[in-house]
Amino acid sequence: MSDPKQKHWHHLTGEQVLRLLATNGQTGLDRVAVEERQHQHGPNSLARRVGDGPLLRFLLQFNQALVYILLIAVIIKLSLGAFVDAAVIFGVVLLNSIIGFVQEGKALNALEALSRTLKMETTVLRAGEKQRIDAAGLVPGDIVLLASGDKVPADLFLLRSRSLQIDESALTGESVPVDKFPGILELETPLADRTNLAYSSTLVTYGTGVGVVVATGDSTEIGRISELIASAEVIATPLTRKIAHFSRLLLYAILGLAGLTFAVGLWHGQYWVDLFMAAVALSVAMIPEGLPAVLTITLAIGVARMAKRNAIIRRLPAVETLGSTTVVCSDKTGTITRNEMTVQRLWVDGQSFELSGIGYAPEGELRLDGERHSAAEHGVVRELLRAGLLCNDAVLKRDGDAWRIEGDPTEGALLVAASKAGLDARTENARAARLETIPFESQHQYMVTLHGGDNPVVYLKGSVEKILERCTVMLGVDGSVGALDADEVLRQVNAMAGHGLRVLAFARMAVARGTTDIDHQDVCDGLTFLGLQGMIDPPREEAIHAVRACQEAGIKVKMITGDHAATAAAIAGQIGLLHTSGHAGVLTGRALEEIPDADLIDVAAHTAVFARVTPEQKLRLVEALQARGEVVAMTGDGVNDAPALRRADIGVAMGITGTDVSKEAADMVLTDDNFATIEAAVEEGRGVFDNLIKFITWILPTNAGQGLVIIAAVMAAQPLPVLPVQALWINMTTAVLLGLTLAFEPRERDIMSRPPRLSAAPILNGELIKRILLVGLLLLVGSFGLFEWALYSGRSEQEARTIAVNVFAVGQSFYLLNCRSLRYSMFRLGLFSNPLIWAGIGAMMAVQLLFTYIPLMNKLFHTAPIGWIDWGLIVAVGLAIYLVIEGEKAWRRRGASSTVTH
């Protein structure tokens with residue numbers, strides 16, 4: 001038997017396929033052949049890839065430069081016997097690692113979800129007998145029988161079919177079921193147009209078929225996508241990249257300053273043990289121990305906020321990534337559109353009517369030239385809609401407040417259109433009971449129904465060409481029968497298709513009373529043409545607004561779909577992605593194949609709509625955009641979207657219509673399948689990132705100030721104003737009690753009018769670095785100055801150090817009020833818009849009083865009680881910091897305003 005992987009099956013005849021697979025189309029394989037092939041090809045399931053074990057994934061949580069710094073500090077503390085300090089620092093590291101392990105442990109389950117999709121039963125023909133077997137036991141050469149409602153168990157070449165339609169939206173993005181039938185196709189035919197093949201895990205929606213298995217397991221198209229998911233690299237988010245870079249810089253800076261301090265002290269003749277303690281104190285003081293914990297908690301708060309807005313985050317860093325997104329690559333079907341076919345245009349005898357309303361809800365109006373009309377005023381329109389209602393096998397049902405279709409979506413759209421015009425399905429079917437049906441078959445491309453009643457009639461619906469060739473006359477707007485102008489009908493069809501509409505034609509024929517059956521010969525000619533109905537899967541109203549909001553926020557939106565170019569162009573024009581007519585702004589998958597990777601980078605950047613693309617091409621487009629430095633969010637709901645979802649900076653899956661595969665591959669799941677939720681999530685993400693920057697801008701002056709105080713003391717050959725254990729106290733208490741409150745700061749009003757942050761931009765810009773250094777210097781002057789003043793006044797070193805530590809606590813409390821906004825005063829935000837700020841400051845002052853006056857704390861942290869005058873000076877330093885920074889912000893605002901004015 002030939003290797004199934006090597007054949008272009010769609011380009012072969014049925015006889016050739018059976019011969020290559022050494023099987024019989026009438027009896028199937030015998031037991032011996034099945035056993036041999038099961039041994040050769042293995043089970044019809046996706047191979048499970050062995051990933052990193054839980055222990056290794058947990059240990060990898062420690063693989064960060066900032067964590068290395070903290071672990072070095074733990075080792076140093078243990079070597080010096082400071083077990084309490086070491087335990088506290090390691091506890092912080094361990095907590096962060098556990099949170100990261102739990103949050104990210106679900107991210108690599110996409111392959112298991114793919115495997116689950118293949119667990120099904122199927123009907124096969126073996127040794128001339130029909131058998132129901134587990135689909136995992138299928139082998140190449142098996143003959144499989146398909147019926148409506150079946151999930152295709154493997155990749156099949158179709159030998160026979162009857163009215164077979166298969167929903168391939170999860171694999172190709174095609175918005176409607178695809179007609180399937182045997183035949184030979186061109187070698188270059190893309191996957192989505194291979195009508196003689198049925199693909200694993202797609203769904204049979206109508207008809208029956210018989211096919212021979214040409215590929216199983218990893219050799220199927222879904223297996224190939226599995227390989228893409230496994231090979232797609234999960235890239236670091238902008239935040240994790242920047243934090244890693246920042247941590248490395250911090251590591252070098254701390255080690256450099258510690259070494260410099262030690263060397264200068266030796267040069268001054270100081271005892272090396274004291275200098276070593278000073279270097280340790282400097283290292284602990286300058287490490288922001290609370291940074292990883294607060295970052296994690298801030299992201300977790302963002303997760304909770306997004307959940308309230310119907311966005312479920314699966315990986316914490318995805319919260320921040322949304323705030324940095326510069327491009328949203330969206331699938332069309334079910335994401336931007338409703339995934340509900342809707343009739344939008346009717347054409348009868350030279351008149352074109354519009355039908356308002358979208359989706360399956362039977363609510364809308366009939367309009368002609370912008371004016372509202374009733375179907376009762378136009379008999380031919382009513383007859384056209386009645387034909388669509390009666391020549392129909394779908395059922396429209398109400399499910400609570402929602403409407404749903406049982407059956408083919410195209411037929412469902414015809415039911416809804418008739419209902420909007422006031423036609424009741426139950427009444428019409430009772431008035432004209434169906435007597436006979438010729439179901440739709442691919443080779444005939446039409447459906448026929450015979451109806452009794454007072455005026456027996458036959459209705460046809462189907463492709464325009466097939467209906468036209470059977471019609472000789474046309475029903476006019478006045479109810480009379482006139483000549484049929486086929487050329488005019490075709491012009492209208494082309495006009496509708498140019499707007500992305502799928503067009504069906506309708507006809508009727510009167511029959512004699514007592515007629516009970518009908519065949520193809522009876523409807524070969526002599527029919528009366530009724531008109532056309534044009535339908536499309538329309539965009540969501542909220543998606544139109546969301547796309548506009550994203551564009552106004554500087555975020556580029558691109559549509560990447562497996563659907564046809566005409567449909568993609570029509571939807572893109574309606575949502576504001578295309579401003580040209582026709583397909584001018586659309587790039588197809590076939591054209592994409594011819595573009596080299598180097599050129600694709602520019603093409604991807606300047607093209608808004610990509611149609612008829614394959615899973616590999618979606619992945620290429622995401623990678624091309626990332627090569628330009630874009631932060632890419634990719635949305636989707638199908639199996640075909642999973643590789644690109646996994647590779648994107650943030651993958652966004654649909655929660656209702658999305659497959660398990662897409663959900664497991666994604667970083668975020670939309671519980672309402674609403675593109676508008678992405679815009680809301682971006683807004684939340686920007687707010688989270690804004691609060692993270694505020695926190696980093698707030699916390700670093702503490703570390704810088706403490707480091708500068710220790711360096712100044714060594715340079716001046718003075719006692720250390722802050723001991724290592726005191727530095728640890730400051731860092732942890734201020735981070736948790738003060739800094740964490742910034743995570744709850746409400747979003748600033750103008751956050752969506754700002755451009756996206758550039759992925760290459762550092763966490764802190766020059767303006768914020770200057771502010772951090774300014775606050776660090778103010779803390780240095782305040783703490784070191786009061787420390788020296790206390791010693792000069794005859795206070796003990798314990799009292800002087802207590803004053804110095806409280807300068808940092810109070811100074812950071814005042815500076816916290818500055819950091820509520822990096823641009824504006826807290827009075828503009830509202831004094832109590834974030835009440836947790838005041839609660840945090842109150843809690844900080846409470847623990848500082850304990851730190852200062854409780855004997856046990858005095859013993860543990862080498863502190864001593866201080867007087868009211870000392871507190872007055874400490875508060876004065878904090879107030880000075882607040883006023884200086886508010887003055888600096890006001891000066892920068894005036895400078896920015898002046899620049900804009902000129």
# chains A, B, ... in the order shown; residues from 1 in each chain; ligands from 1
$ residues_around --residues "region 553-555 of chain A" --least-positions-apart "3" --cutoff "6 Å" --atoms "only C-alpha atoms" --output "PDB file with N, CA, C and O atoms, in the first residue's frame"
ATOM      1  N   THR A 326      -0.655  46.525  19.829  1.00  0.00           N
ATOM      2  CA  THR A 326      -0.628  47.495  18.731  1.00  0.00           C
ATOM      3  C   THR A 326      -1.404  47.002  17.518  1.00  0.00           C
ATOM      4  O   THR A 326      -1.796  47.797  16.679  1.00  0.00           O
ATOM      5  N   VAL A 327      -1.619  45.681  17.412  1.00  0.00           N
ATOM      6  CA  VAL A 327      -2.367  45.117  16.286  1.00  0.00           C
ATOM      7  C   VAL A 327      -3.305  44.035  16.807  1.00  0.00           C
ATOM      8  O   VAL A 327      -2.881  43.179  17.583  1.00  0.00           O
ATOM      9  N   CYS A 550     -10.789  50.908  18.775  1.00  0.00           N
ATOM     10  CA  CYS A 550      -9.408  50.429  18.709  1.00  0.00           C
ATOM     11  C   CYS A 550      -8.572  51.315  17.794  1.00  0.00           C
ATOM     12  O   CYS A 550      -7.431  51.670  18.119  1.00  0.00           O
ATOM     13  N   MET A 752      -7.684  55.681  26.815  1.00  0.00           N
ATOM     14  CA  MET A 752      -7.871  55.114  25.481  1.00  0.00           C
ATOM     15  C   MET A 752      -7.610  56.127  24.375  1.00  0.00           C
ATOM     16  O   MET A 752      -7.739  55.799  23.188  1.00  0.00           O
ATOM     17  N   SER A 753      -7.257  57.332  24.732  1.00  0.00           N
ATOM     18  CA  SER A 753      -6.873  58.314  23.710  1.00  0.00           C
ATOM     19  C   SER A 753      -5.362  58.391  23.550  1.00  0.00           C
ATOM     20  O   SER A 753      -4.864  59.110  22.694  1.00  0.00           O
ATOM     21  N   PRO A 755      -1.664  56.753  22.534  1.00  0.00           N
ATOM     22  CA  PRO A 755      -1.190  55.716  21.605  1.00  0.00           C
ATOM     23  C   PRO A 755      -0.665  54.510  22.377  1.00  0.00           C
ATOM     24  O   PRO A 755      -0.318  54.619  23.554  1.00  0.00           O
TER      25      PRO A 755
END
$ residues_around --residues "Gly867 (chain A)" --least-positions-apart "6" --cutoff "12 Å" --atoms "only C-alpha atoms" --output "PyMOL selection string"
chain A and resi 790+795+799-800+802-803+849+852-853+873-874
$ write_last_selection --atoms "N, CA and C atoms" --output "short mmCIF file (atom, residue, chain, number, x, y, z; two decimals), in the first residue's frame"
data_model
loop_
_atom_site.label_atom_id
_atom_site.label_comp_id
_atom_site.auth_asym_id
_atom_site.auth_seq_id
_atom_site.Cartn_x
_atom_site.Cartn_y
_atom_site.Cartn_z
N ALA A 790 20.38 63.86 64.59
CA ALA A 790 20.08 63.14 65.83
C ALA A 790 21.36 62.75 66.57
N ARG A 795 21.68 61.83 70.50
CA ARG A 795 20.81 60.64 70.52
C ARG A 795 21.63 59.38 70.28
N GLU A 799 18.06 55.44 68.16
CA GLU A 799 17.08 56.51 67.93
C GLU A 799 17.29 57.16 66.57
N ALA A 800 18.56 57.41 66.24
CA ALA A 800 18.86 58.05 64.95
C ALA A 800 18.40 57.18 63.79
N THR A 802 16.00 54.93 63.91
CA THR A 802 14.53 54.92 63.91
C THR A 802 14.00 56.13 63.16
N ILE A 803 14.62 57.30 63.40
CA ILE A 803 14.21 58.51 62.68
C ILE A 803 14.42 58.33 61.18
N LEU A 849 4.31 52.99 64.15
CA LEU A 849 4.24 53.28 65.59
C LEU A 849 4.62 52.03 66.38
N THR A 852 8.28 51.58 66.23
CA THR A 852 9.03 52.58 67.00
C THR A 852 8.89 52.41 68.51
N TYR A 853 7.71 51.95 68.98
CA TYR A 853 7.46 52.02 70.42
C TYR A 853 7.27 50.66 71.12
N LEU A 873 9.61 66.82 62.28
CA LEU A 873 10.63 66.95 61.23
C LEU A 873 10.44 65.90 60.14
N ILE A 874 10.08 64.68 60.56
CA ILE A 874 9.87 63.60 59.59
C ILE A 874 8.72 63.94 58.64
#
$ select_by_dssp --residues "region 536-745 of chain A" --states "alpha helix (DSSP H)" --output "count of residues only"
114
$ residues_around --residues "Gly476 (chain A)" --least-positions-apart "3" --cutoff "9 Å" --atoms "only C-alpha atoms" --output "tab-separated table (two decimals) with all heavy atoms, in the first residue's frame"
chain	number	residue	atom	x	y	z
A	348	VAL	N	-36.88	41.51	-7.17
A	348	VAL	CA	-37.99	40.98	-7.95
A	348	VAL	C	-38.29	41.93	-9.11
A	348	VAL	O	-38.41	43.14	-8.90
A	348	VAL	CB	-39.27	40.80	-7.08
A	348	VAL	CG1	-39.09	39.70	-6.06
A	348	VAL	CG2	-39.64	42.10	-6.38
A	349	ASP	N	-38.34	41.44	-10.29
A	349	ASP	CA	-38.80	42.19	-11.47
A	349	ASP	C	-38.32	43.65	-11.49
A	349	ASP	O	-39.12	44.59	-11.55
A	349	ASP	CB	-40.33	42.15	-11.52
A	349	ASP	CG	-40.85	42.71	-12.85
A	349	ASP	OD1	-40.09	42.70	-13.84
A	349	ASP	OD2	-42.00	43.18	-12.87
A	350	GLY	N	-37.02	43.85	-11.39
A	350	GLY	CA	-36.47	45.19	-11.52
A	350	GLY	C	-36.48	46.02	-10.26
A	350	GLY	O	-36.03	47.18	-10.27
A	379	GLY	N	-47.19	41.63	-3.97
A	379	GLY	CA	-47.49	40.21	-4.02
A	379	GLY	C	-46.31	39.36	-4.42
A	379	GLY	O	-46.12	38.25	-3.89
A	380	VAL	N	-45.48	39.87	-5.35
A	380	VAL	CA	-44.35	39.07	-5.80
A	380	VAL	C	-43.31	38.92	-4.69
A	380	VAL	O	-42.68	37.86	-4.56
A	380	VAL	CB	-43.72	39.70	-7.07
A	380	VAL	CG1	-43.15	41.08	-6.77
A	380	VAL	CG2	-42.65	38.78	-7.65
A	479	GLY	N	-48.23	41.23	-10.31
A	479	GLY	CA	-48.84	39.91	-10.24
A	479	GLY	C	-48.99	39.23	-11.57
A	479	GLY	O	-49.38	38.06	-11.64
A	480	SER	N	-48.72	39.95	-12.66
A	480	SER	CA	-48.82	39.35	-13.99
A	480	SER	C	-47.55	38.58	-14.33
A	480	SER	O	-46.52	38.73	-13.68
A	480	SER	CB	-49.07	40.44	-15.04
A	480	SER	OG	-47.93	41.32	-15.08
A	481	VAL	N	-47.64	37.76	-15.33
A	481	VAL	CA	-46.49	36.97	-15.78
A	481	VAL	C	-45.96	37.58	-17.06
A	481	VAL	O	-46.73	37.83	-18.02
A	481	VAL	CB	-46.89	35.50	-16.01
A	481	VAL	CG1	-45.72	34.72	-16.60
A	481	VAL	CG2	-47.35	34.87	-14.70
A	482	GLY	N	-44.62	37.87	-17.08
A	482	GLY	CA	-44.01	38.49	-18.25
A	482	GLY	C	-42.76	37.77	-18.67
A	482	GLY	O	-42.38	36.73	-18.11
A	530	LEU	N	-39.32	33.77	-9.65
A	530	LEU	CA	-39.89	34.66	-8.62
A	530	LEU	C	-38.94	35.79	-8.23
A	530	LEU	O	-39.35	36.93	-8.07
A	530	LEU	CB	-40.25	33.84	-7.37
A	530	LEU	CG	-41.33	32.77	-7.54
A	530	LEU	CD1	-41.53	32.01	-6.24
A	530	LEU	CD2	-42.62	33.40	-8.01
$ closest_residue --among "A:Val603, A:Cys329, A:Val631, A:Gly498" --to "Lys558 (chain A)" --atoms "only C-alpha atoms"
A:Cys329
$ residues_around --residues "Val805 (chain A)" --least-positions-apart "6" --cutoff "10 Å" --atoms "only C-alpha atoms" --output "PyMOL selection string"
chain A and resi 706+721-723+726-727+729-730+783-784+787+799+811+848+851-852+863+874
$ closest_residue --among "A:Asp599, A:Glu441, A:Glu436, A:Asp478" --to "Gly462 (chain A)" --atoms "only C-alpha atoms"
A:Glu441
$ residues_around --residues "Phe506 (chain A)" --least-positions-apart "2" --cutoff "8 Å" --atoms "only C-alpha atoms" --output "list in words"
Leu384, Ala387, Gly388, Tyr459, Leu460, Lys461, Gly462, Ile467, Leu504, Arg508, Phe529, Leu530, Gly531 and Leu532 of chain A
$ write_last_selection --atoms "N, CA, C and O atoms" --output "mmCIF file, in the first residue's frame"
data_model
loop_
_atom_site.group_PDB
_atom_site.id
_atom_site.type_symbol
_atom_site.label_atom_id
_atom_site.label_comp_id
_atom_site.auth_asym_id
_atom_site.auth_seq_id
_atom_site.Cartn_x
_atom_site.Cartn_y
_atom_site.Cartn_z
ATOM 1 N N LEU A 384 -42.123 35.424 -3.118
ATOM 2 C CA LEU A 384 -40.694 35.079 -3.036
ATOM 3 C C LEU A 384 -40.334 34.599 -1.629
ATOM 4 O O LEU A 384 -39.657 33.571 -1.457
ATOM 5 N N ALA A 387 -41.907 31.210 -0.868
ATOM 6 C CA ALA A 387 -41.155 30.114 -1.470
ATOM 7 C C ALA A 387 -39.980 29.720 -0.585
ATOM 8 O O ALA A 387 -39.710 28.525 -0.380
ATOM 9 N N GLY A 388 -39.280 30.726 -0.046
ATOM 10 C CA GLY A 388 -38.162 30.433 0.855
ATOM 11 C C GLY A 388 -38.607 29.783 2.147
ATOM 12 O O GLY A 388 -37.882 28.975 2.737
ATOM 13 N N TYR A 459 -42.383 24.569 -5.501
ATOM 14 C CA TYR A 459 -41.394 25.631 -5.293
ATOM 15 C C TYR A 459 -39.987 25.063 -5.468
ATOM 16 O O TYR A 459 -39.704 23.919 -5.067
ATOM 17 N N LEU A 460 -39.130 25.870 -6.073
ATOM 18 C CA LEU A 460 -37.718 25.520 -6.231
ATOM 19 C C LEU A 460 -36.860 26.613 -5.615
ATOM 20 O O LEU A 460 -37.188 27.814 -5.710
ATOM 21 N N LYS A 461 -35.761 26.209 -5.023
ATOM 22 C CA LYS A 461 -34.735 27.174 -4.624
ATOM 23 C C LYS A 461 -33.378 26.549 -4.918
ATOM 24 O O LYS A 461 -33.202 25.325 -4.851
ATOM 25 N N GLY A 462 -32.400 27.395 -5.280
ATOM 26 C CA GLY A 462 -31.075 26.863 -5.572
ATOM 27 C C GLY A 462 -30.187 27.872 -6.239
ATOM 28 O O GLY A 462 -30.412 29.086 -6.147
ATOM 29 N N ILE A 467 -31.636 27.495 -11.623
ATOM 30 C CA ILE A 467 -33.040 27.914 -11.599
ATOM 31 C C ILE A 467 -33.403 28.628 -12.898
ATOM 32 O O ILE A 467 -34.466 28.386 -13.489
ATOM 33 N N LEU A 504 -29.443 33.201 -3.661
ATOM 34 C CA LEU A 504 -30.261 32.053 -4.036
ATOM 35 C C LEU A 504 -31.401 32.545 -4.924
ATOM 36 O O LEU A 504 -31.956 33.639 -4.704
ATOM 37 N N ARG A 508 -41.450 28.929 -9.167
ATOM 38 C CA ARG A 508 -42.627 28.126 -8.822
ATOM 39 C C ARG A 508 -43.268 27.574 -10.087
ATOM 40 O O ARG A 508 -42.991 28.035 -11.208
ATOM 41 N N PHE A 529 -40.085 32.361 -12.781
ATOM 42 C CA PHE A 529 -39.031 32.909 -11.922
ATOM 43 C C PHE A 529 -39.651 33.919 -10.941
ATOM 44 O O PHE A 529 -40.411 34.809 -11.340
ATOM 45 N N LEU A 530 -39.322 33.770 -9.645
ATOM 46 C CA LEU A 530 -39.894 34.655 -8.624
ATOM 47 C C LEU A 530 -38.936 35.787 -8.234
ATOM 48 O O LEU A 530 -39.354 36.933 -8.066
ATOM 49 N N GLY A 531 -37.663 35.475 -8.064
ATOM 50 C CA GLY A 531 -36.724 36.517 -7.657
ATOM 51 C C GLY A 531 -35.509 35.961 -6.947
ATOM 52 O O GLY A 531 -35.247 34.749 -6.967
ATOM 53 N N LEU A 532 -34.783 36.855 -6.296
ATOM 54 C CA LEU A 532 -33.515 36.519 -5.643
ATOM 55 C C LEU A 532 -33.556 36.931 -4.177
ATOM 56 O O LEU A 532 -34.184 37.938 -3.817
#
$ closest_residue --among "A:Leu191, A:Val176, A:Ala566, A:Val775" --to "Asn494 (chain A)" --atoms "only C-alpha atoms"
A:Ala566
$ closest_residue --among "A:Glu748, A:Asp563, A:Glu886, A:Glu616" --to "Glu221 (chain A)" --atoms "only C-alpha atoms"
A:Glu616
$ atom_distance --atom1 "CA of Ala413 (chain A)" --atom2 "CA of Val613 (chain A)"
26.4 Å
$ closest_atom_pairs --of "region 672-695 of chain A" --to "region 545-549 of chain A" --cutoff "12 Å" --atoms "only C-alpha atoms" --output "JSON lines"
{"residue": "A:Asn674", "atom": "CA", "partner": "A:Ala546", "partner_atom": "CA", "distance": 9.5}
{"residue": "A:Phe675", "atom": "CA", "partner": "A:Ala546", "partner_atom": "CA", "distance": 6.9}
{"residue": "A:Ala676", "atom": "CA", "partner": "A:Ala546", "partner_atom": "CA", "distance": 4.8}
{"residue": "A:Thr677", "atom": "CA", "partner": "A:Ala546", "partner_atom": "CA", "distance": 8.1}
{"residue": "A:Ile678", "atom": "CA", "partner": "A:Ala546", "partner_atom": "CA", "distance": 7.8}
{"residue": "A:Glu679", "atom": "CA", "partner": "A:Ala546", "partner_atom": "CA", "distance": 5.8}
{"residue": "A:Ala680", "atom": "CA", "partner": "A:Ala546", "partner_atom": "CA", "distance": 8.5}
{"residue": "A:Ala681", "atom": "CA", "partner": "A:Ala546", "partner_atom": "CA", "distance": 11.0}
{"residue": "A:Val682", "atom": "CA", "partner": "A:Ala549", "partner_atom": "CA", "distance": 10.4}
{"residue": "A:Glu683", "atom": "CA", "partner": "A:Ala549", "partner_atom": "CA", "distance": 10.1}
$ write_last_selection --atoms "all heavy atoms" --output "PDB file, in the first residue's frame"
ATOM      1  N   ASN A 674     -17.875  38.348  21.979  1.00  0.00           N
ATOM      2  CA  ASN A 674     -18.136  39.690  21.470  1.00  0.00           C
ATOM      3  C   ASN A 674     -16.825  40.413  21.209  1.00  0.00           C
ATOM      4  O   ASN A 674     -16.024  40.597  22.129  1.00  0.00           O
ATOM      5  CB  ASN A 674     -18.966  40.464  22.500  1.00  0.00           C
ATOM      6  CG  ASN A 674     -19.565  41.738  21.919  1.00  0.00           C
ATOM      7  OD1 ASN A 674     -19.041  42.308  20.978  1.00  0.00           O
ATOM      8  ND2 ASN A 674     -20.665  42.159  22.498  1.00  0.00           N
ATOM      9  N   PHE A 675     -16.621  40.821  19.962  1.00  0.00           N
ATOM     10  CA  PHE A 675     -15.389  41.537  19.639  1.00  0.00           C
ATOM     11  C   PHE A 675     -15.252  42.804  20.479  1.00  0.00           C
ATOM     12  O   PHE A 675     -14.149  43.232  20.809  1.00  0.00           O
ATOM     13  CB  PHE A 675     -15.368  41.892  18.141  1.00  0.00           C
ATOM     14  CG  PHE A 675     -14.092  42.551  17.688  1.00  0.00           C
ATOM     15  CD1 PHE A 675     -13.007  41.784  17.292  1.00  0.00           C
ATOM     16  CD2 PHE A 675     -13.972  43.927  17.664  1.00  0.00           C
ATOM     17  CE1 PHE A 675     -11.832  42.374  16.874  1.00  0.00           C
ATOM     18  CE2 PHE A 675     -12.798  44.537  17.254  1.00  0.00           C
ATOM     19  CZ  PHE A 675     -11.727  43.751  16.854  1.00  0.00           C
ATOM     20  N   ALA A 676     -16.389  43.394  20.848  1.00  0.00           N
ATOM     21  CA  ALA A 676     -16.340  44.614  21.653  1.00  0.00           C
ATOM     22  C   ALA A 676     -15.694  44.368  23.006  1.00  0.00           C
ATOM     23  O   ALA A 676     -15.129  45.279  23.611  1.00  0.00           O
ATOM     24  CB  ALA A 676     -17.759  45.168  21.846  1.00  0.00           C
ATOM     25  N   THR A 677     -15.769  43.135  23.494  1.00  0.00           N
ATOM     26  CA  THR A 677     -15.127  42.822  24.771  1.00  0.00           C
ATOM     27  C   THR A 677     -13.614  42.970  24.685  1.00  0.00           C
ATOM     28  O   THR A 677     -12.953  43.263  25.681  1.00  0.00           O
ATOM     29  CB  THR A 677     -15.507  41.392  25.213  1.00  0.00           C
ATOM     30  OG1 THR A 677     -16.928  41.298  25.283  1.00  0.00           O
ATOM     31  CG2 THR A 677     -14.929  41.045  26.572  1.00  0.00           C
ATOM     32  N   ILE A 678     -13.063  42.768  23.486  1.00  0.00           N
ATOM     33  CA  ILE A 678     -11.618  42.952  23.317  1.00  0.00           C
ATOM     34  C   ILE A 678     -11.241  44.399  23.603  1.00  0.00           C
ATOM     35  O   ILE A 678     -10.241  44.676  24.270  1.00  0.00           O
ATOM     36  CB  ILE A 678     -11.185  42.550  21.891  1.00  0.00           C
ATOM     37  CG1 ILE A 678     -11.495  41.079  21.642  1.00  0.00           C
ATOM     38  CG2 ILE A 678      -9.713  42.844  21.670  1.00  0.00           C
ATOM     39  CD1 ILE A 678     -11.253  40.644  20.223  1.00  0.00           C
ATOM     40  N   GLU A 679     -12.058  45.319  23.079  1.00  0.00           N
ATOM     41  CA  GLU A 679     -11.770  46.735  23.327  1.00  0.00           C
ATOM     42  C   GLU A 679     -11.845  47.045  24.819  1.00  0.00           C
ATOM     43  O   GLU A 679     -11.009  47.771  25.362  1.00  0.00           O
ATOM     44  CB  GLU A 679     -12.771  47.592  22.534  1.00  0.00           C
ATOM     45  CG  GLU A 679     -12.476  49.077  22.591  1.00  0.00           C
ATOM     46  CD  GLU A 679     -13.394  49.828  23.540  1.00  0.00           C
ATOM     47  OE1 GLU A 679     -14.529  49.357  23.742  1.00  0.00           O
ATOM     48  OE2 GLU A 679     -12.962  50.857  24.089  1.00  0.00           O
ATOM     49  N   ALA A 680     -12.830  46.465  25.499  1.00  0.00           N
ATOM     50  CA  ALA A 680     -12.942  46.661  26.946  1.00  0.00           C
ATOM     51  C   ALA A 680     -11.734  46.065  27.665  1.00  0.00           C
ATOM     52  O   ALA A 680     -11.209  46.639  28.614  1.00  0.00           O
ATOM     53  CB  ALA A 680     -14.233  46.030  27.474  1.00  0.00           C
ATOM     54  N   ALA A 681     -11.284  44.894  27.189  1.00  0.00           N
ATOM     55  CA  ALA A 681     -10.126  44.246  27.806  1.00  0.00           C
ATOM     56  C   ALA A 681      -8.855  45.048  27.566  1.00  0.00           C
ATOM     57  O   ALA A 681      -7.985  45.130  28.439  1.00  0.00           O
ATOM     58  CB  ALA A 681      -9.972  42.826  27.258  1.00  0.00           C
ATOM     59  N   VAL A 682      -8.732  45.634  26.374  1.00  0.00           N
ATOM     60  CA  VAL A 682      -7.573  46.495  26.102  1.00  0.00           C
ATOM     61  C   VAL A 682      -7.574  47.684  27.059  1.00  0.00           C
ATOM     62  O   VAL A 682      -6.532  48.080  27.597  1.00  0.00           O
ATOM     63  CB  VAL A 682      -7.586  46.971  24.637  1.00  0.00           C
ATOM     64  CG1 VAL A 682      -6.561  48.083  24.413  1.00  0.00           C
ATOM     65  CG2 VAL A 682      -7.284  45.804  23.697  1.00  0.00           C
ATOM     66  N   GLU A 683      -8.747  48.241  27.275  1.00  0.00           N
ATOM     67  CA  GLU A 683      -8.854  49.373  28.203  1.00  0.00           C
ATOM     68  C   GLU A 683      -8.423  48.959  29.609  1.00  0.00           C
ATOM     69  O   GLU A 683      -7.663  49.674  30.279  1.00  0.00           O
ATOM     70  CB  GLU A 683     -10.296  49.885  28.211  1.00  0.00           C
ATOM     71  CG  GLU A 683     -10.497  51.139  29.054  1.00  0.00           C
ATOM     72  CD  GLU A 683     -11.926  51.633  29.001  1.00  0.00           C
ATOM     73  OE1 GLU A 683     -12.814  50.871  28.577  1.00  0.00           O
ATOM     74  OE2 GLU A 683     -12.152  52.787  29.405  1.00  0.00           O
TER      75      GLU A 683
END
$ closest_residue --among "A:Gln521, A:Ser163, A:Gln443, A:Ser330" --to "Ala644 (chain A)" --atoms "only C-alpha atoms"
A:Ser330
